[in-house]
Structure formats: C-alpha cells, structure tokens
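First the structure, in the form of structure tokens, and then the observations on it.
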Amino acid sequence: MMASNEDHPHGDETVGGAEREIKRGIMVMKKVIRDRDRGVLIKVHWNEGGQLIEPNGSTLTSFIGALVRNEVPITCDNWRNKQLNEAKDKIWSEIKRCFDIEENRRDHCLKLAGKLLRGFRTFLSTTFLRDTEGTFVDAELPSKYASLISPKEWETFKSKRKTQEFKSVSETNRQRASSPAYPYRKGRVGYGRLEQSILTKENSSETSLPAHVLWKEARVGKDGKIKEDVQQIFEKCETLSQSIVPYEDTDCRSILSRALDVPEYSGRVRGKGFGITQKSLNIKKQKTPSNKELQQTLEALKAEVLELRKERERDRAAGFKDTSDKDSINCNFQPTIPEGISPCHLYLARPTYRMVGKGKVHNNLGELLHTKPLPTGSLKVSVDIALEKDALLPHPDDVSDATLLGDAIGSFVAWPTDLIIVGYETPTKSKAKDKGIAREIESVASQKEIPVAKKTEISKRTGAKKKNPSKYRACLHTYLETTDISDGCVRLIPMDGAIFGFEYAEPLGKEDFDQILYHTQLSVGVINTYMRYLYDKLMGPRGLEQRFSFLNPMKTNLTEMIRKPDEVRTYVVERFMADTDREKLFFLPFNTGDGGHWLLVAINPFKEIVYYLDSLHNDWTTYPAMKTIVDTIIQTVRAQRKIQVPKRKANNITWNRVECPRQRNNIDCGYYTLRFMKETLLMDRTDIPSDYFDEYRCAYYSKDQLDEIKEELCQFIIELQVL
C-alpha cells in the first residue's frame with residue numbers, strides 16, 4: 001500500500017538518479033515518506049556540540065538506520081572503504097530529500113550511518129549466530145530480514161564469524177563490554193538527548209552541561225539512586241574543577257579524565273557521547289609553556305609586584321614623615337598601632353593561630369626592654385592575663401628567665417608586632433577549657449555528604465568571562481612568596497566600626513591566603529574580609545549602608561549561640577536598635593559549628609522577616625538553637641521599640657526558606673554565602689524572593705562565578721597594601 005507513494009512524481013524528475021534508485025527500507029518510516037511526498041521537509045535540531053536532539057532527532061536517526069541497512073551489505077567490514085562512496089552519496093541525497101538539513105551535517109550523518117550499521121551487524125551476530133553461552137550457531141537466514149539480506153551475503157557474513165581471528169577479537173570486546181567500571185544506565189537515550197531533557201526539565205538558559213555532570217547523570221538508574229563509586233568520581237571532578245590554578249596547570253587531560261585517572265585519547269571527549277569532538281566544542285589542549293614564556297610571565301608579575309611595593313613604601317614614608325629624623329632612636333616604632341600605651345590582645349601563630357593573653361602594648365619612640373633594644377619587628381608589652389599559661393613566649397625574657405606566658409604575668413616582654421591586636425577582642429577561634437583550638441575546626445566549608453540531587457544542577461552564567469580570570473590571584477601568589485607569611489606571620493585587615501558595630505583588625509595568615517588561591521575551605525577571616533570588600537566597593541559607593549548592614553559571624557556562630565547566648569543577643573539587639581527608624585536588612589553569615597558549614601541568614605527586624613539561604617537546601621529546623629535565639633532577638637527588639645502585638649501572635653515571625661543555588665561538593669558553601677550577599681546588594685532589595693532573584697537564579701554557580709569571588713578578594717587585599 002505504501003509503495004504507491006513512489007508512483008507520484010512530486011518533482012522526482014528534478015532529482016538525480018541516486019534518489020530514484022533507493023527502493024527499500026524507507027517504507028518503514030511512514031510519516032517521513034508522507035511528508036516527503038507532500039513536499040514537506042522535516043526540520044531537525046542540533047545542540048551546540050553538533051549532536052542530534054529533539055524534536056526529530058530520533059526520527060532522523062531511525063531513518064538513517066533504515067537507509068544504511070538497505071544500501072550497504074552486512075558483509076562490509078570497513079566503513080572507510082572507497083567502494084562505499086556511491087552508497088554514501090545515495091544515503092545523503094535521500095536524507096536531504098526528506099529533511100531540512102545543512103550540508104555541513106553530512107559527515108555527522110554518515111558517521112552515524114556507519115555506527116548504526118555496526119550495531120546492526122552486532123545484533124545479527126548475538127541474536128542469531130550465538131547461543132546463550134556465546135558458542136557459534138550455524139543458523140539459517142532469518143526470514144524477517146530476507147528483504148534486506150541475500151542468501152549469499154548471509155553465508156559470507158557467517159563464514160567471517162567462524163574464523164579464529166574474529167572469535168578472538170569478539171571475545172575480547174565481549175568481555176570488555178560485559179563489565180564496565182561505570183556502566184551507562186540510560187538505555188538508547190544518548191548523551192545529547194539526555195542533556196536536552198535535563199536542561200528542559202530544569203528550565204535552564206544554559207545550552208550545555210559540564211562533562212562530569214552529564215557523565216554522572218548518565219549513570220543514575222531508574223530508581224534515582226547512584227552508586228557510591230560514581231558519586232566519588234563526580235565529587236573528585238568538582239574538587240578538581242575548583243582547585244586547578246590556571247597559571248600552574250600543565251595537564252592536557254580533561255577534568256573527567258583526571259578524576260578517572262585514564263589517558264585522554266586523541267580526538268575523544270569524555271562524558272559527551274557520539275558526535276562530540278574537541279573541534280566541535282572548540283576545545284584546545286593546553287600547551288605546556290616554554291621556559292622562555294614562563295620567564296616572561298614571572299618577570300611581568302615581578303614588575304607588577306615591584307610597582308605595588310613602591311606605592312606601599314611611598315605611603316609608609318608619608319606615615320613616617322614626622323619621625324624620620326628619629327628612626328635611629330627606635331626603628332621598632334609602629335605607626336599602625338596607636339602611639340603610647342594601649343590595651344591589646346596577644347596571639348601566637350604556632351602550632352595553631354590563637355589568642356593566648358591580654359595586656360598593654362607600649363608603642364613609644366626610644367622604648368627599651370630591660371635597658372636593651374627590642375628585637376626587630378617586636379614591641380614591648382606588659383602581660384596582664386594569660387589565657388594559655390603554658391604557651392611559650394615568642395622572645396624568652398633573659399632578665400627574669402621566663403619562658404612561659406604564665407611566668408610573665410605582671411612583667412614586660414617583647415612580642416611580635418603582627419601578633420598584637422589593639423582594642424576589641426577578635427579571636428578567629430572559639431576556646432575550650434582555655435586551650436587553643438586548631439584553626440581547622442573553625443574552617444567553614446561543610447563536611448556533610450551531599451545527598452544525590454533529585455533535581456539536576458544546571459549552571460547559569462550571569463556575567464561575561466574575564467580575559468584573564470586569574471590575574472590577581474597570580475599576582476597575590478607571587479607577592480606572598482616575597483613575604484614572611486609562609487613563616488607563620490599574619491597581616492591585619494582594618495575593620496571600620498560601621499561594618500560590624502565595632503572597630504578591630506582581622507588577622508589573615510598563610511592558611512587564609514591559601515584558601516583563596518587554591519579554593520579550599522574558607523575561614524571566618526576570609527568571610528569577614530570579603531564583607532569589608534562589599535562595604536567598601538558596593539555599599540559605600542551606592543549609598544546602600546542605609547538599607548543593608550552586617551553582623552559579625554565571629555560573634556554569632558552556633559558555638560557562641562549555645563555557649564554565650566546572652567552575649568549574642570546583646571550584640572545583635574544593639575545592632576538592630578541602632579537603626580529602628582528605617583527598614584534595613586542585616587546579613588548574618590552563619591557558621592553551623594557542626595563541621596564548619598556556612599549559610600546566610602538575612603534578617604529584616606523592621607518587618608520581622610528572616611530569609612534563610614542554605615546551599616545544602618536544608619531548612620532552619622536543622623539548627624533549632626539558631627532559630628530560637630533569632631526569634632528571641634526579634635521579640636526583644638519589638639519590646640524595646642514598644643510595639644504591641646496580641647499574645648497569640650507574639651511568635652509570629654516569618655521565616656522564608658529561599659530556593660537558592662545549590663553547592664555540589666563539600667567546599668563551596670562559603671563562596672555561595674558570599675555570592676548571596678553580593679547579589680542581594682546588587683539587586684538593592686531588602687526582600688529576597690522565595691525562588692531567588694530572576695537575574696541570578698540557577699541550579700548551581702559555575703566555576704567562573706566562584707573564581708570571581710576569589711579575584712575580588714585578591715585585588716582588594718592587594719589594594720589595601722597590607723602585605
């Protein structure tokens with residue numbers, strides 16, 4: 001019945017003989033033939049990598065399969081054989097008769113035809129010429145395929161499969177295919193259509209997914225579960241994608257290949273499927289720089305660092321202008337510390353960075369210690385309180401023979417200037433039983449396992465890529481190598497009282513700088529430094545300090561809330577009450593204390609609304625102590641503002657869980673928290689939508705978006721000239 005379609009010319013006189021010669025196979029595609037006979041070309045679609053996708057991608061694939069089974073005999077073992085050129089021309093011309101397709105898609109379609117032919121031959125072998133144990137069976141030509149395969153072709157096909165060479169190759173391939181390390185679990189759905197379905201389901205504006213994300217999704221079963229070894233490879237890819245430093249990386253392999261620890265075969269792109277090549281994705285392997293290129297890069301960085309040093313020296317010279325004629329009297333006078341006697345806190349950097357005591361620093365010209373000059377880089381301090389009595393003094397006292405801090409109470413000692421903090425107490429660690437706690441405990445990236453996402457993470461770019469995304473990180477990296485920070489010294493970031501409600505200096509050490517340079521877990525010091533960046537670069541220039549403010553996470557983390565709830569309430573209430581005449585949104589980067597996870601709590605005390613943004617997508621019930629204290633604080637502010645509410649509504653404080661971007665590893669929570677604050681400030685909105693801002697909505701942040709935070713931090717630290 002369908003053969004009658006061929007009796008209607010429909011312009012057949014205008015096409016070549018190749019089109020008229022195709023008689024078989026195309027009848028199985030009834031809709032395609034009907035559309036062709038009506039002169040309708042079926043439009044096919046492609047993704048940005050050049051793979052067939054829906055609509056009509058599967059239709060074209062099936063049509064090509066029917067064509068190649070009709071036009072190329074199953075005895076063909078070499079698809080590159082030039083004798084097949086005529087058959088290939090016929091296949092392509094018939095495709096163009098039925099589909100609206102560009103000429104540059106010819107190579108892809110013919111490669112797909114060769115792949116489908118190989119699949120058909122494998123199907124015939126495994127189905128008809130092999131029993132359940134894999135033994136060869138001398139079967140007759142299946143009647144189902146008698147119209148496609150001649151008896152002669154079938155006998156030739158069988159004879160080739162009887163040879164020892166074929167059996168050896170077949171057995172090797174069969175064993176390899178029978179036990180893949182990470183089996184593909186999406187059946188006949190290829191990577192291209194799988195990627196399309198994920199992007200469509202998530203309503204993403206992205207056009208592609210990272211290879212390792214797609215690779216993982218292709219290995220999720222129908223039950224939605226994923227094997228532990230696959231999840232481990234995915235997490236390793238996530239860590240690699242964030243930790244690779246562009247200016248130091250010389251490995252040409254892809255992220256997925258590195259995680260799998262396999263070689264990168266020429267022309268292959270892992271985790272993307274058929275049709276994707278390095279050329280189609282415009283992937284260029286990185287060339288290992290020559291010694292000359294490395295030297296040129298180093299010289300350029302040195303020149304930039306030298307210029308920054310000159311600027312800093314000019315500023316310092318201006319600071320010493322009034323005392324330059326007295327430098328010979330006391331070279332240890334420090335203009336960054338108030339002249340005279342000031343209360344201070346004493347820190348040590350080894351083995352962990354911690355506060356060990358309190359006292360007074362004497363910063364006077366000509367100051368001596370027991371009639372002797374002070375050690376270089378140190379100041380004279382009087383020890384009043386020893387929080388860690390067994391701590392070794394950085395400079396033992398030769399006069400009193402004191403070597404421990406507890407022995408120096410009531411006397412004077414020399415203390416390194418960069419370990420003296422004047423004024424308000426600013427420890428970056430909590431204390432337990434008067435013992436210093438290792439800095440790693442205060443690290444703020446989540447240590448929790450991330451559950452397998454029910455919703456696939458989709459990246460959404462929100463800004464143009466920078467030409468050199470690691471410029472300032474490279475500069476800071478080179479700069480730090482010329483300082484004493486690697487020896488355990490720290491640098492102080494001045495914090496204006498308007499930022500957190502009190503003035504102090506935030507210490508940053510080697511661990512903090514390494515976190516920025518190598519994308520590891522963020523400390524509270526880095527978080528606070530970025531908040532000063534936001535205050536200086538966004539809030540000040542845009543006048544946003546009237547609508548937004550910060551709470552210091554060092555004083556409001558979960559550990560402090562449990563151990564010192566009254567102090568936390570006093571601090572936050574004072575901050576809220578300082579701005580009762582206008583609506584204001586307060587950012588609280590909250591440290592959960594259960595492994596160092598960061599999340600953002602944004603509080604509008606005027607409207608009594610709390611916005612909860614957790615990149616792990618937990619809710620506030622996970623941290624009941626935090627919610628209780630925040631509610632109590634808002635109720636206290638309400639009482640101090642003398643706002644009357646019915647007793648039954650006293651606890652009616654609105655908590656909104658925001659569907660914010662979700663982190664994909666156990667490192668990024670700090671970076672996500674910083675971006676949440678930045679994007680809210682950029683939107684200049686004191687209300688945060690429950691599904692986040694349209695302009696920044698995405699499933700997860702891309703590597704470029706996280707790198708942007710690190711670049712801003714590095715540039716800001718360099719500009720502060722504190723190194």
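Chain lettering (A, B, ...) mirrors the order of the structure tokens, residue numbering begins at 1 for each chain separately, and ligand numbering begins at 1 in order of display.
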Please identify which residues in stretch 46-283 of chain A DSSP calls strand (DSSP E) from the backbone, and express them as a ChimeraX atom specification. /A:46,52-53,99-100
Do a neighbour search on stretch 234-244 of chain A at 7 Å with only C-alpha atoms, toss out local chain neighbours closer than 5 positions, and write the hits as a VMD selection string. chain A and resid 212 216 249 255 to 256 259 518 to 519 665 703
Based on the selection just made, write N, CA, C and O atoms of those residues as a PDB file, in the first residue's frame.
```
ATOM      1  N   HIS A 212      31.436  16.230  33.383  1.00  0.00           N
ATOM      2  CA  HIS A 212      31.339  15.333  34.530  1.00  0.00           C
ATOM      3  C   HIS A 212      29.931  15.312  35.126  1.00  0.00           C
ATOM      4  O   HIS A 212      29.503  14.315  35.692  1.00  0.00           O
ATOM      5  N   LYS A 216      27.766  11.833  35.232  1.00  0.00           N
ATOM      6  CA  LYS A 216      27.122  11.303  36.442  1.00  0.00           C
ATOM      7  C   LYS A 216      25.643  11.017  36.202  1.00  0.00           C
ATOM      8  O   LYS A 216      25.128   9.962  36.581  1.00  0.00           O
ATOM      9  N   ASP A 249      48.616  25.062  35.871  1.00  0.00           N
ATOM     10  CA  ASP A 249      48.143  23.792  35.323  1.00  0.00           C
ATOM     11  C   ASP A 249      48.778  23.516  33.973  1.00  0.00           C
ATOM     12  O   ASP A 249      48.724  24.346  33.068  1.00  0.00           O
ATOM     13  N   ILE A 255      38.966  17.344  32.960  1.00  0.00           N
ATOM     14  CA  ILE A 255      38.695  17.136  34.387  1.00  0.00           C
ATOM     15  C   ILE A 255      38.231  15.700  34.637  1.00  0.00           C
ATOM     16  O   ILE A 255      38.682  15.035  35.572  1.00  0.00           O
ATOM     17  N   LEU A 256      37.316  15.210  33.784  1.00  0.00           N
ATOM     18  CA  LEU A 256      36.777  13.861  33.963  1.00  0.00           C
ATOM     19  C   LEU A 256      37.868  12.806  33.787  1.00  0.00           C
ATOM     20  O   LEU A 256      37.926  11.833  34.543  1.00  0.00           O
ATOM     21  N   ALA A 259      39.971  12.702  36.917  1.00  0.00           N
ATOM     22  CA  ALA A 259      39.287  12.046  38.027  1.00  0.00           C
ATOM     23  C   ALA A 259      39.250  10.529  37.840  1.00  0.00           C
ATOM     24  O   ALA A 259      39.401   9.765  38.797  1.00  0.00           O
ATOM     25  N   TYR A 518      43.808  28.497  46.322  1.00  0.00           N
ATOM     26  CA  TYR A 518      43.662  27.111  45.901  1.00  0.00           C
ATOM     27  C   TYR A 518      42.264  26.545  46.140  1.00  0.00           C
ATOM     28  O   TYR A 518      42.070  25.336  46.080  1.00  0.00           O
ATOM     29  N   HIS A 519      41.311  27.399  46.397  1.00  0.00           N
ATOM     30  CA  HIS A 519      39.900  27.014  46.526  1.00  0.00           C
ATOM     31  C   HIS A 519      39.715  25.890  47.542  1.00  0.00           C
ATOM     32  O   HIS A 519      39.270  24.782  47.214  1.00  0.00           O
ATOM     33  N   ASN A 665      29.624  20.198  46.185  1.00  0.00           N
ATOM     34  CA  ASN A 665      30.716  19.499  46.850  1.00  0.00           C
ATOM     35  C   ASN A 665      30.735  19.909  48.321  1.00  0.00           C
ATOM     36  O   ASN A 665      29.801  20.555  48.797  1.00  0.00           O
ATOM     37  N   LYS A 703      32.106  27.615  37.801  1.00  0.00           N
ATOM     38  CA  LYS A 703      33.475  27.855  38.269  1.00  0.00           C
ATOM     39  C   LYS A 703      33.848  29.327  38.087  1.00  0.00           C
ATOM     40  O   LYS A 703      34.504  29.915  38.947  1.00  0.00           O
TER      41      LYS A 703
END
```
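Neighbours of stretch 546-552 of chain A closer than or equal to 7 Å, with only C-alpha atoms counted and sequence neighbours fewer than 4 positions away skipped, come out as Ile499, Phe500, Thr556, Glu583, Lys584, Leu585, Phe586, Phe587 and Leu588 of chain A.
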Closest of A:Leu674, A:Leu616, A:Leu124, A:Ile688 to A:Tyr145 - atom-to-atom distances counting only C-alpha atoms: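 Closest to A:Tyr145 of all the choices is A:Leu124.
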Work out how far atom CA of A:Pro55 is from atom CA of A:Lys222, in Å to one decimal.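 Distance between the two atoms: 23.4 Å.
You will find atom CA of A:Gly377 at 19.0 Å from atom CA of A:Glu481.
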Taking into account only C-alpha atoms, which residue in the set A:Arg36, A:Ala113, A:Thr376, A:Ala391 is nearest to A:Asn70?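 The answer is A:Ala113, which sits nearest to A:Asn70.
Here atom CA of A:Thr297 and atom CA of A:Gln715 stand 18.4 Å from one another.
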Selected residue of minimal separation from A:Lys162 among A:Cys489, A:Leu129, A:Thr207, A:Arg176, counting only C-alpha atoms: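 With only C-alpha atoms as the atom set, the closest residue is A:Leu129.
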Would you pick out the contacts of A:Asp668 at 12 Å or less, using only C-alpha atoms, so that residues sharing its chain but fewer than 2 positions from it are not included, and give the list as a ChimeraX atom specification? /A:235,238-239,241-243,443-448,450,515-516,519-523,596-599,614-616,661-666,670-675,700-703,705-707,709-710
Which residue is closest to A:Pro507? Choose from A:Arg641, A:Asn173, A:Met355, A:Ser411 and count only C-alpha atoms. A:Met355
If we count only C-alpha atoms and set the cut-off at 6 Å, which residues sit around A:Phe99, ignoring sequence neighbours fewer than 4 positions away in its own chain? Please answer as a PyMOL selection string. chain A and resi 41-43+95
Counting only C-alpha atoms, what is within 12 Å of A:Thr529, bar same-chain residues fewer than 3 positions away, as a PDB file with N, CA, C and O atoms, in the first residue's frame?
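As written to disk, part30.pdb reads:
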```
ATOM      1  N   ARG A 491      48.871  39.154  58.565  1.00  0.00           N
ATOM      2  CA  ARG A 491      48.612  40.533  58.180  1.00  0.00           C
ATOM      3  C   ARG A 491      47.238  40.927  58.725  1.00  0.00           C
ATOM      4  O   ARG A 491      46.336  40.094  58.819  1.00  0.00           O
ATOM      5  N   LEU A 492      47.088  42.194  59.061  1.00  0.00           N
ATOM      6  CA  LEU A 492      45.864  42.670  59.685  1.00  0.00           C
ATOM      7  C   LEU A 492      45.048  43.497  58.703  1.00  0.00           C
ATOM      8  O   LEU A 492      45.565  44.406  58.061  1.00  0.00           O
ATOM      9  N   ILE A 493      43.761  43.174  58.587  1.00  0.00           N
ATOM     10  CA  ILE A 493      42.820  43.916  57.745  1.00  0.00           C
ATOM     11  C   ILE A 493      41.999  44.826  58.650  1.00  0.00           C
ATOM     12  O   ILE A 493      41.192  44.339  59.453  1.00  0.00           O
ATOM     13  N   PRO A 494      42.192  46.140  58.590  1.00  0.00           N
ATOM     14  CA  PRO A 494      41.432  47.050  59.455  1.00  0.00           C
ATOM     15  C   PRO A 494      39.935  46.967  59.164  1.00  0.00           C
ATOM     16  O   PRO A 494      39.519  46.965  58.007  1.00  0.00           O
ATOM     17  N   MET A 495      39.143  46.902  60.209  1.00  0.00           N
ATOM     18  CA  MET A 495      37.693  46.843  60.088  1.00  0.00           C
ATOM     19  C   MET A 495      37.078  48.078  60.737  1.00  0.00           C
ATOM     20  O   MET A 495      37.176  48.266  61.953  1.00  0.00           O
ATOM     21  N   ASP A 496      36.458  48.919  59.929  1.00  0.00           N
ATOM     22  CA  ASP A 496      35.815  50.124  60.429  1.00  0.00           C
ATOM     23  C   ASP A 496      34.626  49.752  61.316  1.00  0.00           C
ATOM     24  O   ASP A 496      33.948  48.745  61.092  1.00  0.00           O
ATOM     25  N   ILE A 499      31.131  48.669  59.924  1.00  0.00           N
ATOM     26  CA  ILE A 499      30.885  47.386  59.260  1.00  0.00           C
ATOM     27  C   ILE A 499      30.166  46.418  60.190  1.00  0.00           C
ATOM     28  O   ILE A 499      29.113  45.866  59.852  1.00  0.00           O
ATOM     29  N   PHE A 500      30.730  46.216  61.385  1.00  0.00           N
ATOM     30  CA  PHE A 500      30.173  45.250  62.329  1.00  0.00           C
ATOM     31  C   PHE A 500      29.728  45.878  63.648  1.00  0.00           C
ATOM     32  O   PHE A 500      29.274  45.171  64.543  1.00  0.00           O
ATOM     33  N   TYR A 504      38.118  46.852  64.798  1.00  0.00           N
ATOM     34  CA  TYR A 504      39.154  45.880  65.148  1.00  0.00           C
ATOM     35  C   TYR A 504      39.954  45.587  63.881  1.00  0.00           C
ATOM     36  O   TYR A 504      39.692  46.163  62.812  1.00  0.00           O
ATOM     37  N   ALA A 505      40.930  44.722  63.991  1.00  0.00           N
ATOM     38  CA  ALA A 505      41.734  44.316  62.840  1.00  0.00           C
ATOM     39  C   ALA A 505      41.596  42.811  62.643  1.00  0.00           C
ATOM     40  O   ALA A 505      41.776  42.038  63.582  1.00  0.00           O
ATOM     41  N   GLU A 506      41.248  42.396  61.438  1.00  0.00           N
ATOM     42  CA  GLU A 506      41.048  40.982  61.118  1.00  0.00           C
ATOM     43  C   GLU A 506      42.378  40.373  60.675  1.00  0.00           C
ATOM     44  O   GLU A 506      42.957  40.788  59.681  1.00  0.00           O
ATOM     45  N   PRO A 507      42.922  39.378  61.410  1.00  0.00           N
ATOM     46  CA  PRO A 507      44.195  38.778  61.012  1.00  0.00           C
ATOM     47  C   PRO A 507      44.011  37.735  59.906  1.00  0.00           C
ATOM     48  O   PRO A 507      43.092  36.915  59.949  1.00  0.00           O
ATOM     49  N   LEU A 508      44.892  37.780  58.920  1.00  0.00           N
ATOM     50  CA  LEU A 508      44.921  36.781  57.860  1.00  0.00           C
ATOM     51  C   LEU A 508      46.310  36.158  57.820  1.00  0.00           C
ATOM     52  O   LEU A 508      47.317  36.871  57.777  1.00  0.00           O
ATOM     53  N   ASP A 512      44.722  31.297  55.392  1.00  0.00           N
ATOM     54  CA  ASP A 512      43.651  32.098  54.794  1.00  0.00           C
ATOM     55  C   ASP A 512      43.953  32.413  53.329  1.00  0.00           C
ATOM     56  O   ASP A 512      43.080  32.300  52.465  1.00  0.00           O
ATOM     57  N   PHE A 513      45.199  32.813  53.059  1.00  0.00           N
ATOM     58  CA  PHE A 513      45.563  33.136  51.682  1.00  0.00           C
ATOM     59  C   PHE A 513      45.517  31.892  50.796  1.00  0.00           C
ATOM     60  O   PHE A 513      45.098  31.965  49.632  1.00  0.00           O
ATOM     61  N   ILE A 516      42.069  31.129  49.457  1.00  0.00           N
ATOM     62  CA  ILE A 516      41.662  31.945  48.310  1.00  0.00           C
ATOM     63  C   ILE A 516      42.363  31.478  47.042  1.00  0.00           C
ATOM     64  O   ILE A 516      41.750  31.378  45.972  1.00  0.00           O
ATOM     65  N   LEU A 522      36.859  27.921  53.406  1.00  0.00           N
ATOM     66  CA  LEU A 522      37.021  29.317  53.800  1.00  0.00           C
ATOM     67  C   LEU A 522      36.950  29.489  55.314  1.00  0.00           C
ATOM     68  O   LEU A 522      36.106  28.896  55.978  1.00  0.00           O
ATOM     69  N   SER A 523      37.815  30.345  55.827  1.00  0.00           N
ATOM     70  CA  SER A 523      37.820  30.665  57.254  1.00  0.00           C
ATOM     71  C   SER A 523      36.960  31.894  57.517  1.00  0.00           C
ATOM     72  O   SER A 523      36.577  32.625  56.601  1.00  0.00           O
ATOM     73  N   VAL A 524      36.695  32.148  58.789  1.00  0.00           N
ATOM     74  CA  VAL A 524      35.914  33.324  59.161  1.00  0.00           C
ATOM     75  C   VAL A 524      36.656  34.605  58.795  1.00  0.00           C
ATOM     76  O   VAL A 524      36.044  35.625  58.473  1.00  0.00           O
ATOM     77  N   GLY A 525      38.000  34.559  58.822  1.00  0.00           N
ATOM     78  CA  GLY A 525      38.766  35.739  58.444  1.00  0.00           C
ATOM     79  C   GLY A 525      38.544  36.136  57.004  1.00  0.00           C
ATOM     80  O   GLY A 525      38.421  37.324  56.673  1.00  0.00           O
ATOM     81  N   VAL A 526      38.488  35.146  56.101  1.00  0.00           N
ATOM     82  CA  VAL A 526      38.245  35.431  54.687  1.00  0.00           C
ATOM     83  C   VAL A 526      36.819  35.944  54.483  1.00  0.00           C
ATOM     84  O   VAL A 526      36.580  36.880  53.716  1.00  0.00           O
ATOM     85  N   ARG A 532      34.073  43.289  54.217  1.00  0.00           N
ATOM     86  CA  ARG A 532      34.608  44.643  54.151  1.00  0.00           C
ATOM     87  C   ARG A 532      34.713  45.095  52.690  1.00  0.00           C
ATOM     88  O   ARG A 532      34.451  46.252  52.366  1.00  0.00           O
ATOM     89  N   TYR A 533      35.084  44.165  51.805  1.00  0.00           N
ATOM     90  CA  TYR A 533      35.108  44.481  50.373  1.00  0.00           C
ATOM     91  C   TYR A 533      33.728  44.943  49.899  1.00  0.00           C
ATOM     92  O   TYR A 533      33.605  45.954  49.185  1.00  0.00           O
ATOM     93  N   LEU A 534      32.679  44.211  50.278  1.00  0.00           N
ATOM     94  CA  LEU A 534      31.328  44.605  49.885  1.00  0.00           C
ATOM     95  C   LEU A 534      30.965  45.970  50.445  1.00  0.00           C
ATOM     96  O   LEU A 534      30.316  46.783  49.766  1.00  0.00           O
ATOM     97  N   TYR A 535      31.381  46.228  51.671  1.00  0.00           N
ATOM     98  CA  TYR A 535      31.078  47.523  52.298  1.00  0.00           C
ATOM     99  C   TYR A 535      31.794  48.655  51.555  1.00  0.00           C
ATOM    100  O   TYR A 535      31.197  49.701  51.270  1.00  0.00           O
ATOM    101  N   ASP A 536      33.068  48.439  51.219  1.00  0.00           N
ATOM    102  CA  ASP A 536      33.856  49.495  50.572  1.00  0.00           C
ATOM    103  C   ASP A 536      33.473  49.698  49.114  1.00  0.00           C
ATOM    104  O   ASP A 536      33.423  50.830  48.626  1.00  0.00           O
ATOM    105  N   ASN A 552      28.654  40.350  62.619  1.00  0.00           N
ATOM    106  CA  ASN A 552      29.932  39.650  62.612  1.00  0.00           C
ATOM    107  C   ASN A 552      29.737  38.169  62.911  1.00  0.00           C
ATOM    108  O   ASN A 552      29.262  37.807  63.998  1.00  0.00           O
ATOM    109  N   PRO A 553      30.104  37.273  61.979  1.00  0.00           N
ATOM    110  CA  PRO A 553      29.881  35.834  62.196  1.00  0.00           C
ATOM    111  C   PRO A 553      30.738  35.258  63.308  1.00  0.00           C
ATOM    112  O   PRO A 553      30.431  34.193  63.840  1.00  0.00           O
ATOM    113  N   LEU A 674      28.904  34.146  50.228  1.00  0.00           N
ATOM    114  CA  LEU A 674      29.395  35.459  49.812  1.00  0.00           C
ATOM    115  C   LEU A 674      28.655  35.950  48.574  1.00  0.00           C
ATOM    116  O   LEU A 674      28.317  37.138  48.466  1.00  0.00           O
ATOM    117  N   ILE A 709      34.685  35.628  42.911  1.00  0.00           N
ATOM    118  CA  ILE A 709      34.822  35.977  44.332  1.00  0.00           C
ATOM    119  C   ILE A 709      36.298  36.011  44.722  1.00  0.00           C
ATOM    120  O   ILE A 709      36.764  36.940  45.404  1.00  0.00           O
ATOM    121  N   LYS A 710      37.054  34.993  44.298  1.00  0.00           N
ATOM    122  CA  LYS A 710      38.468  34.927  44.662  1.00  0.00           C
ATOM    123  C   LYS A 710      39.253  36.079  44.048  1.00  0.00           C
ATOM    124  O   LYS A 710      40.145  36.640  44.694  1.00  0.00           O
ATOM    125  N   GLU A 712      38.097  39.054  43.277  1.00  0.00           N
ATOM    126  CA  GLU A 712      37.747  40.274  44.004  1.00  0.00           C
ATOM    127  C   GLU A 712      38.490  40.360  45.333  1.00  0.00           C
ATOM    128  O   GLU A 712      38.984  41.436  45.714  1.00  0.00           O
ATOM    129  N   LEU A 713      38.588  39.234  46.014  1.00  0.00           N
ATOM    130  CA  LEU A 713      39.316  39.210  47.281  1.00  0.00           C
ATOM    131  C   LEU A 713      40.789  39.537  47.080  1.00  0.00           C
ATOM    132  O   LEU A 713      41.366  40.349  47.811  1.00  0.00           O
ATOM    133  N   CYS A 714      41.419  38.894  46.085  1.00  0.00           N
ATOM    134  CA  CYS A 714      42.843  39.119  45.843  1.00  0.00           C
ATOM    135  C   CYS A 714      43.117  40.565  45.460  1.00  0.00           C
ATOM    136  O   CYS A 714      44.054  41.190  45.967  1.00  0.00           O
ATOM    137  N   GLN A 715      42.307  41.113  44.560  1.00  0.00           N
ATOM    138  CA  GLN A 715      42.505  42.501  44.153  1.00  0.00           C
ATOM    139  C   GLN A 715      42.336  43.449  45.339  1.00  0.00           C
ATOM    140  O   GLN A 715      43.114  44.392  45.515  1.00  0.00           O
ATOM    141  N   PHE A 716      41.334  43.176  46.173  1.00  0.00           N
ATOM    142  CA  PHE A 716      41.064  44.048  47.312  1.00  0.00           C
ATOM    143  C   PHE A 716      42.218  44.007  48.318  1.00  0.00           C
ATOM    144  O   PHE A 716      42.650  45.044  48.827  1.00  0.00           O
ATOM    145  N   ILE A 717      42.734  42.808  48.592  1.00  0.00           N
ATOM    146  CA  ILE A 717      43.842  42.684  49.539  1.00  0.00           C
ATOM    147  C   ILE A 717      45.080  43.399  49.022  1.00  0.00           C
ATOM    148  O   ILE A 717      45.793  44.066  49.776  1.00  0.00           O
ATOM    149  N   LEU A 720      44.665  47.123  49.444  1.00  0.00           N
ATOM    150  CA  LEU A 720      44.768  47.581  50.831  1.00  0.00           C
ATOM    151  C   LEU A 720      46.212  47.824  51.261  1.00  0.00           C
ATOM    152  O   LEU A 720      46.455  48.502  52.263  1.00  0.00           O
TER     153      LEU A 720
END
```
Taking only C-alpha atoms into account, which of A:Arg253, A:Glu511, A:Val572, A:Ser382 comes nearest A:Thr352?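 Of all the options, A:Glu511 lies closest to A:Thr352.
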